[in-house]
Every structure is written in C-alpha cells, then in structure tokens.
>>> print(open('data.txt').read())   # compact mmCIF, N, CA and C atoms
# COMPACT_ATOMS: atom_id res chain seq x y z
N PRO J 230 -3.88 -40.12 -8.44
CA PRO J 230 -3.00 -40.28 -7.30
C PRO J 230 -1.54 -40.12 -7.70
N ALA J 231 -0.76 -39.62 -6.81
CA ALA J 231 0.67 -39.43 -7.07
C ALA J 231 1.38 -40.77 -7.06
N SER J 232 2.39 -40.86 -7.91
CA SER J 232 3.15 -42.10 -7.92
C SER J 232 4.19 -42.04 -6.82
N LYS J 233 4.29 -43.14 -6.09
CA LYS J 233 5.24 -43.23 -5.00
C LYS J 233 6.21 -44.35 -5.29
N ARG J 234 7.42 -44.14 -4.88
CA ARG J 234 8.40 -45.22 -4.96
C ARG J 234 9.26 -45.14 -3.73
N GLY J 235 9.86 -46.23 -3.39
CA GLY J 235 10.70 -46.25 -2.19
C GLY J 235 10.50 -47.55 -1.45
N GLY J 236 11.35 -47.78 -0.51
CA GLY J 236 11.26 -49.01 0.25
C GLY J 236 11.29 -48.73 1.73
N ALA J 237 11.17 -49.76 2.49
CA ALA J 237 11.23 -49.70 3.95
C ALA J 237 10.22 -48.71 4.52
N GLY J 238 9.05 -48.62 3.89
CA GLY J 238 8.01 -47.76 4.43
C GLY J 238 8.15 -46.30 4.08
N LEU J 239 9.18 -45.91 3.36
CA LEU J 239 9.36 -44.51 2.99
C LEU J 239 8.65 -44.24 1.68
N ALA J 240 7.89 -43.17 1.65
CA ALA J 240 7.23 -42.76 0.41
C ALA J 240 8.04 -41.63 -0.19
N THR J 241 8.69 -41.90 -1.30
CA THR J 241 9.38 -40.83 -2.02
C THR J 241 8.62 -40.62 -3.31
N TYR J 242 8.29 -39.40 -3.57
CA TYR J 242 7.45 -39.07 -4.70
C TYR J 242 8.31 -38.75 -5.91
N SER J 243 7.79 -39.07 -7.07
CA SER J 243 8.52 -38.83 -8.31
C SER J 243 8.54 -37.34 -8.62
N PRO J 244 9.49 -36.91 -9.44
CA PRO J 244 9.51 -35.50 -9.86
C PRO J 244 8.21 -35.09 -10.55
N ALA J 245 7.57 -36.01 -11.27
CA ALA J 245 6.31 -35.70 -11.93
C ALA J 245 5.20 -35.44 -10.90
N ALA J 246 5.19 -36.22 -9.83
CA ALA J 246 4.20 -36.01 -8.77
C ALA J 246 4.45 -34.68 -8.06
N ASP J 247 5.73 -34.36 -7.83
CA ASP J 247 6.06 -33.08 -7.22
C ASP J 247 5.65 -31.92 -8.12
N ALA J 248 5.88 -32.05 -9.42
CA ALA J 248 5.52 -30.99 -10.37
C ALA J 248 4.00 -30.81 -10.40
N ALA J 249 3.27 -31.90 -10.36
CA ALA J 249 1.80 -31.81 -10.34
C ALA J 249 1.32 -31.09 -9.09
N LEU J 250 1.96 -31.36 -7.97
CA LEU J 250 1.61 -30.69 -6.72
C LEU J 250 1.93 -29.20 -6.79
N LEU J 251 3.06 -28.85 -7.36
CA LEU J 251 3.44 -27.44 -7.45
C LEU J 251 2.55 -26.67 -8.42
N ARG J 252 1.97 -27.35 -9.40
CA ARG J 252 1.04 -26.68 -10.33
C ARG J 252 -0.24 -26.25 -9.64
N LEU J 253 -0.51 -26.77 -8.45
CA LEU J 253 -1.71 -26.41 -7.72
C LEU J 253 -1.61 -25.05 -7.04
N PHE J 254 -0.40 -24.49 -6.99
CA PHE J 254 -0.25 -23.16 -6.41
C PHE J 254 -1.04 -22.14 -7.23
N PRO J 255 -1.65 -21.17 -6.58
CA PRO J 255 -2.32 -20.10 -7.33
C PRO J 255 -1.31 -19.36 -8.20
N PRO J 256 -1.77 -18.71 -9.27
CA PRO J 256 -0.85 -17.98 -10.15
C PRO J 256 0.00 -16.98 -9.36
N ASN J 257 1.25 -16.88 -9.72
CA ASN J 257 2.22 -15.96 -9.12
C ASN J 257 2.58 -16.29 -7.68
N GLU J 258 2.22 -17.45 -7.17
CA GLU J 258 2.59 -17.81 -5.80
C GLU J 258 3.58 -18.97 -5.73
N ARG J 259 3.89 -19.58 -6.85
CA ARG J 259 4.84 -20.69 -6.82
C ARG J 259 6.20 -20.16 -6.40
N PRO J 260 6.82 -20.79 -5.40
CA PRO J 260 8.12 -20.31 -4.94
C PRO J 260 9.21 -20.52 -5.98
N LEU J 261 9.94 -19.46 -6.25
CA LEU J 261 11.02 -19.50 -7.23
C LEU J 261 12.29 -18.97 -6.60
N ILE J 262 13.42 -19.46 -7.05
CA ILE J 262 14.71 -18.92 -6.65
C ILE J 262 14.82 -17.53 -7.27
N ASP J 263 15.21 -16.58 -6.48
CA ASP J 263 15.32 -15.20 -6.96
C ASP J 263 16.32 -15.11 -8.10
N GLN J 264 15.89 -14.52 -9.22
CA GLN J 264 16.75 -14.44 -10.40
C GLN J 264 17.98 -13.58 -10.15
N THR J 265 17.85 -12.54 -9.37
CA THR J 265 19.01 -11.68 -9.14
C THR J 265 20.10 -12.41 -8.38
N ILE J 266 19.72 -13.31 -7.51
CA ILE J 266 20.73 -14.08 -6.79
C ILE J 266 21.50 -14.97 -7.75
N GLY J 267 20.81 -15.64 -8.64
CA GLY J 267 21.46 -16.56 -9.56
C GLY J 267 22.25 -15.86 -10.66
N VAL J 268 21.81 -14.67 -11.08
CA VAL J 268 22.44 -13.99 -12.20
C VAL J 268 23.62 -13.12 -11.76
N HIS J 269 23.45 -12.38 -10.68
CA HIS J 269 24.44 -11.38 -10.30
C HIS J 269 25.42 -11.83 -9.22
N SER J 270 25.11 -12.90 -8.54
CA SER J 270 26.02 -13.34 -7.48
C SER J 270 27.07 -14.28 -8.06
N LYS J 271 28.03 -14.62 -7.24
CA LYS J 271 29.08 -15.54 -7.66
C LYS J 271 28.80 -16.94 -7.14
N SER J 272 27.54 -17.31 -7.14
CA SER J 272 27.13 -18.62 -6.67
C SER J 272 27.70 -19.70 -7.59
N VAL J 273 28.21 -20.76 -7.00
CA VAL J 273 28.75 -21.86 -7.78
C VAL J 273 27.66 -22.88 -8.12
N VAL J 274 26.46 -22.68 -7.56
CA VAL J 274 25.35 -23.60 -7.80
C VAL J 274 24.40 -22.95 -8.81
N PRO J 275 24.17 -23.59 -9.94
CA PRO J 275 23.26 -23.02 -10.94
C PRO J 275 21.84 -22.85 -10.40
N ARG J 276 21.18 -21.83 -10.90
CA ARG J 276 19.82 -21.54 -10.46
C ARG J 276 18.89 -22.72 -10.72
N ALA J 277 19.03 -23.39 -11.84
CA ALA J 277 18.16 -24.52 -12.16
C ALA J 277 18.31 -25.65 -11.14
N THR J 278 19.51 -25.87 -10.68
CA THR J 278 19.75 -26.90 -9.67
C THR J 278 19.11 -26.50 -8.35
N ARG J 279 19.25 -25.23 -7.99
CA ARG J 279 18.63 -24.73 -6.76
C ARG J 279 17.11 -24.80 -6.85
N GLN J 280 16.55 -24.48 -8.03
CA GLN J 280 15.09 -24.52 -8.19
C GLN J 280 14.56 -25.94 -8.05
N THR J 281 15.28 -26.89 -8.60
CA THR J 281 14.88 -28.29 -8.48
C THR J 281 14.84 -28.71 -7.02
N ALA J 282 15.86 -28.34 -6.27
CA ALA J 282 15.90 -28.68 -4.84
C ALA J 282 14.78 -27.97 -4.08
N LEU J 283 14.56 -26.70 -4.38
CA LEU J 283 13.47 -25.97 -3.72
C LEU J 283 12.13 -26.62 -4.01
N ASP J 284 11.92 -27.04 -5.24
CA ASP J 284 10.66 -27.71 -5.59
C ASP J 284 10.46 -28.98 -4.77
N ARG J 285 11.53 -29.75 -4.60
CA ARG J 285 11.43 -30.98 -3.80
C ARG J 285 11.12 -30.67 -2.34
N PHE J 286 11.79 -29.64 -1.80
CA PHE J 286 11.53 -29.25 -0.42
C PHE J 286 10.11 -28.73 -0.23
N VAL J 287 9.62 -27.94 -1.18
CA VAL J 287 8.25 -27.41 -1.08
C VAL J 287 7.24 -28.55 -1.12
N ALA J 288 7.41 -29.47 -2.06
CA ALA J 288 6.48 -30.59 -2.16
C ALA J 288 6.48 -31.43 -0.88
N ALA J 289 7.66 -31.69 -0.34
CA ALA J 289 7.74 -32.47 0.90
C ALA J 289 7.09 -31.72 2.07
N ALA J 290 7.33 -30.41 2.13
CA ALA J 290 6.74 -29.62 3.21
C ALA J 290 5.22 -29.54 3.08
N LEU J 291 4.71 -29.43 1.87
CA LEU J 291 3.26 -29.42 1.66
C LEU J 291 2.63 -30.74 2.09
N ARG J 292 3.28 -31.83 1.73
CA ARG J 292 2.76 -33.14 2.14
C ARG J 292 2.80 -33.31 3.66
N ALA J 293 3.86 -32.78 4.28
CA ALA J 293 3.95 -32.86 5.74
C ALA J 293 2.86 -32.02 6.39
N GLU J 294 2.58 -30.84 5.85
CA GLU J 294 1.51 -29.99 6.39
C GLU J 294 0.16 -30.67 6.22
N ALA J 295 -0.09 -31.27 5.06
CA ALA J 295 -1.36 -31.95 4.83
C ALA J 295 -1.52 -33.14 5.75
N ALA J 296 -0.43 -33.88 5.95
CA ALA J 296 -0.48 -35.04 6.83
C ALA J 296 -0.71 -34.61 8.28
N ALA J 297 -0.08 -33.51 8.68
CA ALA J 297 -0.26 -33.02 10.04
C ALA J 297 -1.70 -32.56 10.26
N ALA J 298 -2.28 -31.95 9.25
CA ALA J 298 -3.67 -31.48 9.35
C ALA J 298 -4.64 -32.64 9.30
N GLY J 299 -4.31 -33.67 8.48
CA GLY J 299 -5.22 -34.80 8.31
C GLY J 299 -4.97 -35.94 9.27
N GLY J 300 -3.77 -35.99 9.84
CA GLY J 300 -3.45 -37.02 10.81
C GLY J 300 -2.96 -38.33 10.24
N ASP J 301 -2.95 -38.48 8.92
CA ASP J 301 -2.50 -39.73 8.31
C ASP J 301 -1.47 -39.41 7.24
N ALA J 302 -0.23 -39.79 7.49
CA ALA J 302 0.87 -39.42 6.60
C ALA J 302 0.79 -40.08 5.24
N ILE J 303 0.15 -41.21 5.14
CA ILE J 303 0.15 -41.93 3.87
C ILE J 303 -1.05 -41.54 3.01
N ALA J 304 -2.21 -41.33 3.61
CA ALA J 304 -3.43 -41.12 2.84
C ALA J 304 -3.60 -39.69 2.33
N ILE J 305 -2.87 -38.73 2.86
CA ILE J 305 -3.10 -37.34 2.51
C ILE J 305 -2.15 -36.90 1.40
N GLU J 306 -2.73 -36.51 0.28
CA GLU J 306 -1.99 -35.87 -0.81
C GLU J 306 -2.73 -34.57 -1.09
N PRO J 307 -2.08 -33.42 -0.88
CA PRO J 307 -2.79 -32.16 -1.08
C PRO J 307 -3.35 -32.04 -2.50
N ASP J 308 -4.59 -31.56 -2.57
CA ASP J 308 -5.20 -31.31 -3.86
C ASP J 308 -5.56 -29.83 -3.94
N ALA J 309 -6.21 -29.42 -5.02
CA ALA J 309 -6.53 -28.01 -5.22
C ALA J 309 -7.42 -27.48 -4.10
N ALA J 310 -8.38 -28.27 -3.66
CA ALA J 310 -9.27 -27.82 -2.58
C ALA J 310 -8.48 -27.61 -1.29
N TRP J 311 -7.57 -28.55 -0.98
CA TRP J 311 -6.76 -28.41 0.23
C TRP J 311 -5.88 -27.17 0.13
N MET J 312 -5.26 -26.96 -1.02
CA MET J 312 -4.37 -25.80 -1.21
C MET J 312 -5.13 -24.49 -1.00
N ASN J 313 -6.35 -24.42 -1.51
CA ASN J 313 -7.14 -23.19 -1.38
C ASN J 313 -7.67 -23.00 0.04
N ALA J 314 -7.96 -24.09 0.72
CA ALA J 314 -8.52 -24.01 2.07
C ALA J 314 -7.47 -23.79 3.15
N HIS J 315 -6.23 -24.15 2.90
CA HIS J 315 -5.18 -24.08 3.91
C HIS J 315 -4.07 -23.11 3.49
N VAL J 316 -4.41 -21.87 3.39
CA VAL J 316 -3.46 -20.85 2.93
C VAL J 316 -2.30 -20.71 3.91
N LYS J 317 -2.58 -20.69 5.20
CA LYS J 317 -1.50 -20.54 6.20
C LYS J 317 -0.55 -21.73 6.17
N ALA J 318 -1.10 -22.92 6.04
CA ALA J 318 -0.25 -24.11 5.97
C ALA J 318 0.61 -24.07 4.71
N ARG J 319 0.03 -23.61 3.62
CA ARG J 319 0.78 -23.50 2.35
C ARG J 319 1.93 -22.52 2.51
N ARG J 320 1.67 -21.38 3.14
CA ARG J 320 2.72 -20.37 3.35
C ARG J 320 3.80 -20.88 4.31
N ARG J 321 3.38 -21.61 5.35
CA ARG J 321 4.34 -22.20 6.28
C ARG J 321 5.25 -23.17 5.56
N ALA J 322 4.68 -23.99 4.71
CA ALA J 322 5.46 -24.97 3.96
C ALA J 322 6.47 -24.28 3.05
N VAL J 323 6.05 -23.22 2.39
CA VAL J 323 6.95 -22.49 1.50
C VAL J 323 8.07 -21.84 2.30
N THR J 324 7.74 -21.25 3.43
CA THR J 324 8.76 -20.62 4.27
C THR J 324 9.78 -21.65 4.75
N ARG J 325 9.31 -22.79 5.22
CA ARG J 325 10.23 -23.84 5.68
C ARG J 325 11.12 -24.34 4.54
N ALA J 326 10.53 -24.51 3.37
CA ALA J 326 11.30 -25.00 2.24
C ALA J 326 12.35 -23.98 1.81
N ARG J 327 12.00 -22.71 1.78
CA ARG J 327 12.96 -21.66 1.42
C ARG J 327 14.12 -21.62 2.42
N GLU J 328 13.79 -21.72 3.70
CA GLU J 328 14.84 -21.72 4.72
C GLU J 328 15.74 -22.94 4.59
N ALA J 329 15.14 -24.08 4.32
CA ALA J 329 15.94 -25.31 4.16
C ALA J 329 16.88 -25.18 2.96
N GLU J 330 16.36 -24.68 1.85
CA GLU J 330 17.19 -24.52 0.66
C GLU J 330 18.30 -23.51 0.91
N ALA J 331 17.99 -22.44 1.60
CA ALA J 331 19.00 -21.41 1.89
C ALA J 331 20.11 -21.98 2.78
N ARG J 332 19.75 -22.82 3.75
CA ARG J 332 20.77 -23.43 4.61
C ARG J 332 21.70 -24.35 3.81
N VAL J 333 21.10 -25.14 2.96
CA VAL J 333 21.91 -26.05 2.13
C VAL J 333 22.81 -25.23 1.21
N HIS J 334 22.26 -24.19 0.60
CA HIS J 334 23.05 -23.35 -0.32
C HIS J 334 24.19 -22.65 0.42
N ALA J 335 23.94 -22.19 1.63
CA ALA J 335 24.98 -21.49 2.40
C ALA J 335 26.15 -22.41 2.73
N ARG J 336 25.89 -23.70 2.89
CA ARG J 336 26.96 -24.64 3.24
C ARG J 336 27.66 -25.23 2.03
N SER J 337 27.17 -24.93 0.84
CA SER J 337 27.70 -25.56 -0.37
C SER J 337 28.86 -24.79 -0.97
N THR J 338 29.87 -25.54 -1.36
CA THR J 338 31.04 -24.94 -2.02
C THR J 338 31.09 -25.29 -3.51
N SER J 339 30.19 -26.19 -3.92
CA SER J 339 30.13 -26.57 -5.33
C SER J 339 28.75 -27.15 -5.62
N LYS J 340 28.48 -27.35 -6.90
CA LYS J 340 27.21 -27.95 -7.29
C LYS J 340 27.09 -29.36 -6.73
N LEU J 341 28.18 -30.10 -6.76
CA LEU J 341 28.17 -31.47 -6.27
C LEU J 341 27.87 -31.53 -4.77
N VAL J 342 28.50 -30.64 -4.01
CA VAL J 342 28.25 -30.60 -2.57
C VAL J 342 26.80 -30.20 -2.32
N TYR J 343 26.30 -29.23 -3.07
CA TYR J 343 24.91 -28.78 -2.93
C TYR J 343 23.94 -29.93 -3.17
N ARG J 344 24.16 -30.66 -4.25
CA ARG J 344 23.26 -31.78 -4.56
C ARG J 344 23.33 -32.86 -3.49
N SER J 345 24.51 -33.11 -2.98
CA SER J 345 24.67 -34.11 -1.94
C SER J 345 23.95 -33.68 -0.65
N LEU J 346 24.17 -32.44 -0.24
CA LEU J 346 23.51 -31.93 0.97
C LEU J 346 22.00 -31.88 0.81
N SER J 347 21.52 -31.44 -0.35
CA SER J 347 20.07 -31.34 -0.53
C SER J 347 19.42 -32.73 -0.58
N THR J 348 20.10 -33.70 -1.18
CA THR J 348 19.57 -35.06 -1.20
C THR J 348 19.54 -35.64 0.20
N ALA J 349 20.59 -35.44 0.95
CA ALA J 349 20.62 -35.94 2.33
C ALA J 349 19.54 -35.28 3.17
N ALA J 350 19.35 -33.99 3.00
CA ALA J 350 18.32 -33.27 3.75
C ALA J 350 16.94 -33.75 3.34
N PHE J 351 16.74 -33.98 2.05
CA PHE J 351 15.44 -34.46 1.58
C PHE J 351 15.14 -35.85 2.12
N LYS J 352 16.14 -36.73 2.12
CA LYS J 352 15.93 -38.08 2.67
C LYS J 352 15.61 -38.01 4.15
N THR J 353 16.26 -37.10 4.85
CA THR J 353 16.00 -36.94 6.27
C THR J 353 14.57 -36.49 6.50
N THR J 354 14.08 -35.57 5.68
CA THR J 354 12.72 -35.07 5.87
C THR J 354 11.68 -36.12 5.51
N THR J 355 11.92 -36.94 4.49
CA THR J 355 10.94 -37.97 4.15
C THR J 355 10.96 -39.11 5.15
N ALA J 356 12.08 -39.32 5.83
CA ALA J 356 12.15 -40.38 6.83
C ALA J 356 11.57 -39.92 8.16
N ALA J 357 11.49 -38.61 8.37
CA ALA J 357 10.97 -38.08 9.62
C ALA J 357 9.45 -38.22 9.67
N ASP J 358 8.89 -37.95 10.82
CA ASP J 358 7.43 -37.99 10.96
C ASP J 358 6.80 -36.94 10.07
N ALA J 359 5.54 -37.13 9.74
CA ALA J 359 4.83 -36.23 8.82
C ALA J 359 4.77 -34.81 9.36
N GLY J 360 4.71 -34.63 10.66
CA GLY J 360 4.62 -33.29 11.22
C GLY J 360 5.97 -32.65 11.49
N ALA J 361 7.04 -33.29 11.09
CA ALA J 361 8.38 -32.77 11.37
C ALA J 361 8.64 -31.50 10.60
N ASP J 362 9.46 -30.66 11.17
CA ASP J 362 9.82 -29.39 10.56
C ASP J 362 10.92 -29.63 9.53
N VAL J 363 10.69 -29.23 8.30
CA VAL J 363 11.65 -29.42 7.23
C VAL J 363 12.96 -28.70 7.55
N ALA J 364 12.87 -27.48 8.01
CA ALA J 364 14.07 -26.70 8.31
C ALA J 364 14.89 -27.36 9.42
N ALA J 365 14.23 -27.92 10.42
CA ALA J 365 14.93 -28.59 11.51
C ALA J 365 15.67 -29.83 11.00
N ALA J 366 15.04 -30.54 10.11
CA ALA J 366 15.68 -31.74 9.56
C ALA J 366 16.89 -31.36 8.71
N VAL J 367 16.79 -30.29 7.95
CA VAL J 367 17.91 -29.83 7.14
C VAL J 367 19.03 -29.35 8.05
N ALA J 368 18.69 -28.67 9.13
CA ALA J 368 19.70 -28.19 10.06
C ALA J 368 20.46 -29.37 10.68
N ALA J 369 19.75 -30.46 10.95
CA ALA J 369 20.40 -31.65 11.51
C ALA J 369 21.38 -32.25 10.50
N VAL J 370 20.98 -32.29 9.23
CA VAL J 370 21.87 -32.82 8.19
C VAL J 370 23.04 -31.89 7.98
N ALA J 371 22.78 -30.58 7.96
CA ALA J 371 23.84 -29.60 7.68
C ALA J 371 24.84 -29.50 8.83
N ALA J 372 24.47 -30.01 10.00
CA ALA J 372 25.36 -29.91 11.16
C ALA J 372 26.53 -30.88 11.10
N PHE J 373 26.45 -31.89 10.22
CA PHE J 373 27.54 -32.87 10.19
C PHE J 373 28.76 -32.35 9.52
>>> encode(input="data.txt", output="structure tokens")
Amino acid sequence: PASKRGGAGLATYSPAADAALLRLFPPNERPLIDQTIGVHSKSVVPRATRQTALDRFVAAALRAEAAAAGGDAIAIEPDAAWMNAHVKARRRAVTRAREAEARVHARSTSKLVYRSLSTAAFKTTTAADAGADVAAAVAAVAAF
C-alpha cells in the first residue's frame, strides 16, 4: 500500500508512492518533459523541477481517475492490473497532468514562482473531489 500523510482528511502521497505508481506505466509511455523545451528554450525553470511537478500531477490524476472509476476516493490505489485495463483513463490522466503543468509553467517567471504555483495547484487538486478535473483545479489556482 502507498504511504499517505496529511491531515484534515486529505491524503497526500509521498514522492516514493508517486514514483511507485509511475513505474506502473508501460515501457516508453511514462510522461516526460520534452528535452528540447528544457535544453533549447530560455525557460527559467529547470527541466528536473518541471519533471517533478509533472510526476506529482500525473500521480494525482491517476488516483482521481481510479477513484472516479471505483467510486471510493480513499480505497482505490491504481495497480498494474488497473493501469493495463484502463488505458483511456490513463491517457486522460496524462493529458490533464500535462495541461496542468503547462499552465503553471506558462505563468511562471522563476523557479520559485513555478514551485509555488505547482504546489498550490497540487494542494487544490488533492483537496478537490476524486472526480475533479486536474486542469480545472490548476486553472482556478492560476487565475489568482
């Protein structure tokens, strides 16, 4: 089982739990920040920082998809069987996470701002209902 920490009824998963979940992706399907964007652009946010945020968004979106499919936000943790059986849900989660990360990156003027926005967006998504759209939650945070 994944380790959870958090208070007030919020389940926030550890980076190790997120990494274990991301290892369940089939080979060559794990979402990665495009190398050409990080190497050739004048982005002020390092690729490693962006990848960490994308990983958190993907893990949260996968858990939300699993909870929406299973109906119970606390009891559902996607496993290898779920990942293989729910290809469309997996792709939806990746798309939402990529869009969320792109929105945060577009609004960022520095690494510090990026980390702050991505943390706020992540907290918003974990506090939202299990079926909530990750991109919509990030858009709400980015609107301030």
>>> closest_residue(input="data.txt", among="J:Leu283, J:Ala318, J:Ala350, J:Ala245", to="Ala295 in chain J", atoms="only N, CA and C atoms")
J:Ala318
>>> atom_distance(input="data.txt", atom1="atom N of Ala349 in chain J", atom2="CA of Asn257 in chain J")
28.6 Å
>>> closest_residue(input="data.txt", among="J:Val274, J:Ala290, J:Gln280, J:Lys317", to="Tyr343 in chain J", atoms="only N, CA and C atoms")
J:Val274
>>> closest_residue(input="data.txt", among="J:Leu291, J:Leu261, J:Ala246, J:Arg279", to="His315 in chain J", atoms="only C-alpha atoms")
J:Leu291
>>> closest_residue(input="data.txt", among="J:Arg332, J:Arg259, J:Ser337, J:Leu346", to="Met312 in chain J", atoms="only C-alpha atoms")
J:Arg259
>>> atom_distance(input="data.txt", atom1="atom N of Ala249 in chain J", atom2="atom C of Arg319 in chain J")
16.0 Å
>>> axis_aligned_box(input="data.txt", around="range 271-280 of chain J", padding_each_side="8 Å", output="JSON")
{"center_x": 21.8, "center_y": -20.8, "center_z": -9.4, "size_x": 30.5, "size_y": 28.3, "size_z": 21.5}
>>> atom_distance(input="data.txt", atom1="CA of Ala277 in chain J", atom2="atom C of Arg327 in chain J")
15.4 Å
>>> closest_residue(input="data.txt", among="J:Ala335, J:Val323, J:Ala309, J:Val342", to="Arg252 in chain J", atoms="only N, CA and C atoms")
J:Ala309
>>> closest_residue(input="data.txt", among="J:Ala296, J:Val273, J:Asp284, J:Phe351", to="Ser339 in chain J", atoms="only N, CA and C atoms")
J:Val273
